[in-house]
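Below: start.cif (mmCIF, C-alpha atoms and all ligand atoms)
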```cif
data_target
#
loop_
_atom_site.label_atom_id
_atom_site.label_comp_id
_atom_site.auth_asym_id
_atom_site.auth_seq_id
_atom_site.Cartn_x
_atom_site.Cartn_y
_atom_site.Cartn_z
CA MET A 246 -15.71 211.66 -13.64
CA SER A 247 -13.72 208.78 -12.21
CA GLY A 248 -11.53 208.87 -9.09
CA PRO A 249 -8.04 210.33 -8.77
CA LEU A 250 -5.17 208.66 -10.57
CA LEU A 251 -2.46 207.80 -8.04
CA GLY A 252 0.14 206.58 -10.51
CA LEU A 253 0.19 204.95 -13.91
CA LEU A 254 2.06 201.67 -13.76
CA GLY A 255 0.23 199.78 -16.47
CA VAL A 256 -2.97 199.44 -18.45
CA GLU A 257 -3.84 196.00 -17.10
CA ALA A 258 -5.05 197.46 -13.79
CA LEU A 259 -6.37 200.73 -15.24
CA PRO A 260 -10.16 200.84 -15.04
CA LEU A 261 -11.88 201.48 -18.39
CA ALA A 262 -13.55 204.64 -17.02
CA GLN A 263 -10.12 206.13 -16.15
CA LEU A 264 -8.72 205.17 -19.54
CA VAL A 265 -11.62 206.88 -21.32
CA ALA A 266 -11.38 209.95 -19.05
CA ILE A 267 -7.68 210.34 -19.92
CA LEU A 268 -8.41 210.07 -23.65
CA ASP A 269 -11.31 212.53 -23.45
CA ARG A 270 -9.08 215.05 -21.69
CA ALA A 271 -6.23 214.40 -24.16
CA ASP A 272 -8.66 215.09 -27.04
CA ALA A 273 -9.54 218.46 -25.51
CA LEU A 274 -5.87 219.32 -24.97
CA TYR A 275 -5.04 218.25 -28.55
CA ALA A 276 -7.86 220.43 -29.89
CA SER A 277 -6.43 223.40 -27.95
CA GLY A 278 -3.02 222.81 -29.57
CA ASN A 279 -1.70 221.58 -26.19
CA LYS A 280 -1.98 225.13 -24.95
CA LYS A 281 0.21 226.02 -21.98
CA THR A 282 -1.57 225.89 -18.62
CA ALA A 283 -0.52 226.53 -15.02
CA SER A 284 -1.74 223.13 -13.70
CA MET A 285 1.70 222.03 -12.46
CA ASN A 286 3.17 225.42 -11.67
CA GLY A 287 5.71 225.05 -8.84
CA GLU A 288 5.87 221.25 -9.19
CA THR A 289 8.71 219.11 -10.48
CA VAL A 290 8.68 216.15 -12.83
CA VAL A 291 11.74 213.87 -12.85
CA ASN A 292 12.29 211.85 -16.03
CA LEU A 293 14.42 208.90 -14.91
CA PHE A 294 15.37 207.09 -18.11
CA MET A 295 17.58 204.04 -17.66
CA GLU A 296 17.10 202.83 -21.25
CA PRO A 297 17.41 204.74 -24.55
CA SER A 298 14.47 206.89 -25.66
CA THR A 299 13.88 209.67 -28.15
CA ARG A 300 10.12 210.13 -28.45
CA THR A 301 8.92 209.13 -25.00
CA ARG A 302 11.38 211.24 -23.02
CA THR A 303 10.95 214.30 -25.21
CA SER A 304 7.19 213.90 -25.18
CA PHE A 305 7.03 213.74 -21.36
CA GLU A 306 9.33 216.76 -21.14
CA ILE A 307 7.25 218.85 -23.52
CA ALA A 308 4.03 217.72 -21.81
CA ALA A 309 5.33 218.65 -18.33
CA LYS A 310 6.56 222.05 -19.57
CA ARG A 311 3.18 222.78 -21.18
CA LEU A 312 1.70 222.26 -17.70
CA SER A 313 4.30 224.71 -16.30
CA ALA A 314 6.15 222.04 -14.28
CA ASP A 315 9.92 222.16 -13.81
CA VAL A 316 11.51 219.15 -15.51
CA VAL A 317 14.69 217.32 -14.59
CA ASN A 318 16.07 214.62 -16.87
CA VAL A 319 18.23 211.85 -15.42
CA SER A 320 19.63 209.30 -17.85
CA GLU A 321 21.54 206.13 -17.14
CA SER A 322 24.89 207.23 -18.50
CA PHE A 323 24.93 210.26 -16.16
CA SER A 324 23.41 208.58 -13.12
CA SER A 325 25.01 206.86 -10.12
CA ALA A 326 23.66 203.54 -11.41
CA LYS A 327 27.03 203.51 -13.14
CA LYS A 328 28.62 203.58 -9.67
CA GLY A 329 26.59 200.65 -8.39
CA GLU A 330 23.62 202.40 -6.78
CA THR A 331 20.42 200.35 -6.83
CA LEU A 332 17.34 201.63 -8.66
CA LEU A 333 15.46 201.84 -5.39
CA ASP A 334 18.17 203.97 -3.78
CA THR A 335 18.31 206.23 -6.84
CA ALA A 336 14.52 206.63 -6.79
CA ARG A 337 14.39 207.33 -3.03
CA ASN A 338 17.14 209.93 -3.29
CA LEU A 339 15.40 211.70 -6.16
CA ASP A 340 12.14 211.47 -4.21
CA ALA A 341 13.77 213.21 -1.23
CA MET A 342 13.95 216.30 -3.47
CA ARG A 343 10.14 216.26 -3.52
CA PRO A 344 9.17 215.88 -7.18
CA ALA A 345 5.42 215.49 -7.77
CA VAL A 346 5.99 212.81 -10.40
CA ILE A 347 8.77 210.38 -11.32
CA VAL A 348 8.58 209.09 -14.90
CA LEU A 349 10.60 205.86 -15.10
CA ARG A 350 11.90 203.92 -18.06
CA HIS A 351 13.83 200.79 -17.17
CA GLY A 352 15.04 197.58 -18.78
CA SER A 353 13.57 195.34 -16.07
CA SER A 354 9.96 194.23 -16.11
CA GLY A 355 8.26 195.40 -12.92
CA ALA A 356 10.71 198.26 -12.17
CA ALA A 357 7.97 200.92 -11.86
CA ASN A 358 5.80 198.69 -9.65
CA MET A 359 8.85 198.03 -7.50
CA ILE A 360 9.66 201.68 -6.73
CA ALA A 361 6.10 203.08 -6.55
CA PRO A 362 5.28 201.97 -2.98
CA HIS A 363 8.61 203.37 -1.70
CA VAL A 364 8.38 206.93 -2.97
CA ARG A 365 6.09 209.83 -2.16
CA ALA A 366 5.97 210.96 -5.80
CA ARG A 367 3.43 209.51 -8.23
CA VAL A 368 5.16 207.09 -10.60
CA VAL A 369 4.52 206.85 -14.33
CA ASN A 370 5.82 203.78 -16.10
CA ALA A 371 7.42 204.92 -19.38
CA GLY A 372 8.31 201.35 -20.36
CA ASP A 373 9.61 198.55 -18.12
CA GLY A 374 11.35 195.65 -19.84
CA GLN A 375 8.83 193.42 -21.61
CA HIS A 376 6.01 194.33 -19.24
CA GLU A 377 4.06 197.53 -20.02
CA HIS A 378 4.26 200.93 -21.69
CA PRO A 379 0.93 202.46 -20.69
CA THR A 380 1.22 205.95 -22.19
CA GLN A 381 2.14 204.43 -25.57
CA ALA A 382 -1.03 202.32 -25.50
CA LEU A 383 -3.11 205.33 -24.45
CA LEU A 384 -1.75 207.47 -27.27
CA ASP A 385 -2.36 204.61 -29.70
CA SER A 386 -5.99 204.28 -28.59
CA GLY A 387 -6.45 208.04 -28.81
CA THR A 388 -5.00 208.08 -32.33
CA ILE A 389 -7.34 205.25 -33.38
CA ARG A 390 -10.34 207.14 -31.93
CA ARG A 391 -9.34 210.30 -33.78
CA HIS A 392 -9.09 208.48 -37.11
CA LYS A 393 -11.88 205.91 -36.73
CA GLY A 394 -14.20 207.62 -34.25
CA ARG A 395 -14.16 204.60 -31.91
CA VAL A 396 -12.16 201.59 -30.79
CA GLU A 397 -15.07 199.27 -29.96
CA GLY A 398 -15.83 196.71 -32.65
CA LEU A 399 -12.77 197.50 -34.79
CA THR A 400 -10.55 194.74 -36.11
CA ILE A 401 -7.02 195.65 -35.05
CA THR A 402 -3.97 193.60 -36.07
CA ILE A 403 -0.67 193.89 -34.21
CA VAL A 404 2.21 192.49 -36.27
CA GLY A 405 5.73 191.98 -34.93
CA ASP A 406 7.68 190.85 -31.92
CA ILE A 407 4.72 190.24 -29.62
CA LEU A 408 6.84 188.18 -27.21
CA HIS A 409 9.27 190.93 -26.20
CA SER A 410 7.08 193.98 -26.73
CA ARG A 411 5.72 195.98 -23.81
CA VAL A 412 3.87 198.08 -26.40
CA ALA A 413 2.03 194.97 -27.61
CA ARG A 414 1.08 193.96 -24.07
CA SER A 415 -0.21 197.39 -23.04
CA ASN A 416 -2.09 197.74 -26.32
CA ILE A 417 -3.69 194.32 -25.96
CA PHE A 418 -4.96 195.30 -22.49
CA ALA A 419 -6.21 198.69 -23.70
CA LEU A 420 -7.84 197.53 -26.92
CA VAL A 421 -9.51 194.43 -25.47
CA LYS A 422 -10.89 196.57 -22.58
CA GLN A 423 -12.43 198.92 -25.13
CA GLY A 424 -14.08 196.08 -27.05
CA ALA A 425 -11.88 195.79 -30.16
CA ASN A 426 -11.29 192.50 -31.99
CA VAL A 427 -7.56 192.17 -31.51
CA ARG A 428 -5.35 189.93 -33.64
CA VAL A 429 -1.63 189.36 -33.13
CA ALA A 430 0.68 188.04 -35.85
CA ALA A 431 4.28 186.86 -35.49
CA PRO A 432 6.50 183.87 -36.15
CA ARG A 433 5.63 181.20 -33.57
CA SER A 434 8.90 181.86 -31.74
CA LEU A 435 7.81 185.48 -31.13
CA LEU A 436 4.26 184.72 -29.94
CA PRO A 437 3.94 184.38 -26.16
CA ARG A 438 2.63 180.95 -25.19
CA GLY A 439 -1.05 181.19 -24.26
CA VAL A 440 -1.43 184.74 -25.63
CA GLU A 441 -5.07 183.92 -26.54
CA ALA A 442 -5.87 184.03 -22.81
CA LEU A 443 -5.47 187.83 -23.07
CA GLY A 444 -8.50 187.91 -25.40
CA VAL A 445 -6.74 188.04 -28.78
CA THR A 446 -6.61 185.77 -31.84
CA ALA A 447 -3.08 184.65 -32.72
CA PHE A 448 -1.76 184.09 -36.26
CA ASP A 449 1.59 182.71 -37.38
CA ARG A 450 1.14 184.16 -40.88
CA VAL A 451 0.67 187.79 -41.68
CA GLU A 452 -1.74 187.67 -44.67
CA PRO A 453 -4.73 186.08 -42.88
CA ALA A 454 -4.11 188.36 -39.89
CA LEU A 455 -4.34 191.43 -42.13
CA ALA A 456 -7.55 190.35 -43.92
CA GLY A 457 -10.17 193.04 -43.34
CA ALA A 458 -8.17 194.78 -40.58
CA GLU A 459 -9.16 198.40 -39.98
CA VAL A 460 -6.05 199.18 -37.98
CA VAL A 461 -2.61 197.65 -38.55
CA MET A 462 -0.07 198.22 -35.81
CA VAL A 463 3.49 197.26 -36.73
CA LEU A 464 6.18 196.62 -34.11
CA ARG A 465 9.95 196.49 -34.19
CA LEU A 466 11.91 193.33 -33.47
CA GLN A 467 13.24 193.90 -29.93
CA GLN A 468 16.69 192.52 -30.71
CA GLU A 469 18.16 193.95 -27.51
CA ARG A 470 15.81 191.63 -25.57
CA MET A 471 16.59 188.50 -27.65
CA ASN A 472 19.53 186.26 -27.07
CA GLY A 473 19.65 184.74 -30.52
CA GLY A 474 17.68 182.08 -32.31
CA TYR A 475 14.22 183.68 -32.53
CA ILE A 476 14.29 184.35 -36.28
CA PRO A 477 16.52 182.89 -39.01
CA SER A 478 17.51 186.35 -40.30
CA LEU A 479 16.14 189.87 -40.67
CA ARG A 480 15.73 189.23 -44.37
CA ASP A 481 13.56 186.18 -43.72
CA TYR A 482 11.52 188.07 -41.14
CA SER A 483 10.96 190.90 -43.56
CA ARG A 484 10.00 188.56 -46.37
CA PHE A 485 7.40 186.66 -44.34
CA PHE A 486 6.20 189.24 -41.80
CA GLY A 487 7.15 192.66 -43.15
CA VAL A 488 4.11 194.85 -43.86
CA ASN A 489 4.22 196.29 -47.37
CA ALA A 490 1.90 197.72 -50.03
CA HIS A 491 1.29 194.26 -51.44
CA ASN A 492 0.12 192.38 -48.33
CA LEU A 493 -1.71 195.47 -47.05
CA ARG A 494 -4.16 195.05 -49.93
CA ALA A 495 -5.81 192.35 -47.81
CA ALA A 496 -6.65 194.91 -45.11
CA HIS A 497 -9.78 197.09 -45.07
CA PRO A 498 -9.62 199.73 -47.84
CA ASP A 499 -9.61 202.50 -45.19
CA ALA A 500 -7.11 200.80 -42.90
CA ILE A 501 -4.68 202.99 -40.99
CA VAL A 502 -1.10 201.90 -40.30
CA MET A 503 0.60 202.64 -36.97
CA HIS A 504 4.08 202.16 -35.51
CA PRO A 505 5.27 203.29 -32.05
CA GLY A 506 8.80 203.94 -33.28
CA PRO A 507 11.71 203.53 -33.52
CA MET A 508 11.11 202.02 -36.95
CA ASN A 509 13.52 199.78 -38.81
CA ARG A 510 12.60 200.76 -42.34
CA GLY A 511 12.48 197.87 -44.77
CA VAL A 512 12.45 195.27 -41.98
CA GLU A 513 9.04 195.29 -40.25
CA LEU A 514 7.54 198.03 -42.44
CA ALA A 515 8.22 199.10 -46.03
CA SER A 516 9.00 202.80 -46.54
CA GLU A 517 6.25 203.06 -49.16
CA VAL A 518 3.72 202.29 -46.39
CA ALA A 519 5.44 204.20 -43.58
CA ASP A 520 5.43 207.35 -45.71
CA GLY A 521 2.17 206.57 -47.54
CA PRO A 522 -1.38 207.91 -47.14
CA ARG A 523 -2.50 205.23 -44.65
CA SER A 524 0.31 205.97 -42.21
CA VAL A 525 -0.65 207.82 -39.00
CA ILE A 526 2.77 207.35 -37.41
CA LEU A 527 3.53 211.04 -36.90
CA ASP A 528 -0.04 211.64 -35.67
CA GLN A 529 0.71 209.12 -32.91
CA VAL A 530 3.73 211.19 -31.91
CA ALA A 531 1.78 214.45 -31.99
CA TYR A 532 -1.07 213.04 -29.90
CA GLY A 533 1.43 211.54 -27.44
CA VAL A 534 2.12 214.97 -25.95
CA SER A 535 -1.61 215.46 -25.26
CA VAL A 536 -1.93 212.06 -23.61
CA ARG A 537 1.07 212.71 -21.37
CA MET A 538 -0.30 216.13 -20.43
CA ALA A 539 -3.61 214.49 -19.51
CA VAL A 540 -1.84 211.85 -17.39
CA LEU A 541 0.46 214.31 -15.59
CA GLU A 542 -2.44 216.70 -14.96
CA ARG A 543 -4.47 213.96 -13.28
CA LEU A 544 -1.50 212.91 -11.18
CA ALA A 545 -0.85 216.49 -10.12
CA SER A 546 -4.44 216.99 -9.06
CA ALA A 547 -4.25 213.70 -7.12
CA THR A 548 -1.19 215.04 -5.25
CA ALA A 549 -2.78 218.37 -4.35
C1 LIG A 601 8.85 201.60 -27.80
C2 LIG A 601 9.48 201.22 -26.48
O1 LIG A 601 10.48 201.77 -26.06
O2 LIG A 601 8.89 200.34 -25.86
N1 LIG A 601 9.20 202.86 -28.24
C3 LIG A 601 8.48 203.91 -27.79
O3 LIG A 601 8.43 204.19 -26.62
N2 LIG A 601 7.80 204.62 -28.69
C4 LIG A 601 8.93 200.56 -28.83
C5 LIG A 601 10.27 200.00 -29.21
O4 LIG A 601 11.29 200.25 -28.61
O5 LIG A 601 10.25 199.23 -30.17
#
```
Show me this structure written as structure tokens.
Amino acid sequence: MSGPLLGLLGVEALPLAQLVAILDRADALYASGNKKTASMNGETVVNLFMEPSTRTRTSFEIAAKRLSADVVNVSESFSSAKKGETLLDTARNLDAMRPAVIVLRHGSSGAANMIAPHVRARVVNAGDGQHEHPTQALLDSGTIRRHKGRVEGLTITIVGDILHSRVARSNIFALVKQGANVRVAAPRSLLPRGVEALGVTAFDRVEPALAGAEVVMVLRLQQERMNGGYIPSLRDYSRFFGVNAHNLRAAHPDAIVMHPGPMNRGVELASEVADGPRSVILDQVAYGVSVRMAVLERLASATA
């Protein structure tokens, strides 16, 4: 057993032993059907979501309720951010109400790291700008383990907007730590300069990146984080980088296909694949509740 988890701000600084301990616990919770426990009875979880979310917010809420926590959801359109309050002031005011955990989603990279030292509550980063989305990477690793039995030694290709994607970054950290061979594929304009330094192989064409891949992770174009000029058009992107039944033939015959959602059908991923037998997209969502239970449980026991 590794030490207590004091917050989850990213995967980059998460020791491998902690990552594996979270996934092992999530596996047990998943096997139990995410059975309700009393681990967070009498404690409060605040979901502070300053950017849109369907899956992540709901998943954290269900996870917290399965642990018997009280859950409060604060979203941007109903918060005093609209009246000019800073994020730090919002966080400190919510913290004064003594929640055990604050789950933060924010459009600025580094937002979770910024508030964490100033609040008593443990902070979970539920996505900060282009920086990290640790619980998404954890649930992706857990889903890969469930389907492939391991992460180590697998060839895993991430296709899409690597430059703007916090999901890509957190996954690269998680998968490289666990010993996978990670490839990233995108148009040159959407590949971060020097991405190879993170331990991945970069491709500016999708077919060679898919060759022999055992896991194919497809990402959305983060158009809300682009200010024009990254791709000629969605149709061109789809034609050259969209994953479909045809180019997937290059992958390993047992390859699984993943997507964190929200999916733009027919752009980055063809419906025939998204709804086909290789797709584990809804398994990712199902397992996400178990991962978030495992994370919240560890944070709660660290608070006690
Ligand atoms: C992702 C996010 O918000 O970073 N969605 C999610 O949490 N499942 C990916 C995305 O928005 O493309």
Counting all atoms listed in the file, select every polymer residue within 10 Å of (-17.0, 193.4, -41.6) as defined in the file's coordinates, and provide the selection as a PDB file with C-alpha atoms, keeping the file's coordinate frame.
```
ATOM      1  CA  GLY A 398     -15.830 196.710 -32.650  1.00  0.00           C
ATOM      2  CA  LEU A 399     -12.770 197.500 -34.790  1.00  0.00           C
ATOM      3  CA  THR A 400     -10.550 194.740 -36.110  1.00  0.00           C
ATOM      4  CA  GLY A 457     -10.170 193.040 -43.340  1.00  0.00           C
ATOM      5  CA  ALA A 458      -8.170 194.780 -40.580  1.00  0.00           C
ATOM      6  CA  GLU A 459      -9.160 198.400 -39.980  1.00  0.00           C
ATOM      7  CA  HIS A 497      -9.780 197.090 -45.070  1.00  0.00           C
TER       8      HIS A 497
END
```
Using all atoms listed in the file, which residues of the polymer chains come no farther than 10 Å from ligand LIG 601 (chain A)? I'd like the answer as a PyMOL selection string. chain A and resi 296-302+304+350-352+371-382+405-406+409-413+415+463-469+504-509+529-530+533
request  = For range 432-448 of chain A, work out the shell of residues within 12 Å, counting all atoms listed in the file and skipping chain neighbours fewer than 3 positions away, then give it as a PyMOL selection string.
outcome  = chain A and resi 257+375+400-411+413-429+451-456+464-468+470-471+473-477+481-487
query = Counting only C-alpha atoms, which of A:Ala326, A:Val256, A:Val502, A:Leu541 gets nearest to Ala314 in chain A?
reply =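 That would be A:Leu541, the residue with the smallest distance to Ala314 in chain A.
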Pairwise distance, CA of Val536 in chain A with CA of Glu288 in chain A, equals 18.8 Å
re CA of Val518 in chain A and CA of His392 in chain A: distance 17.0 Å
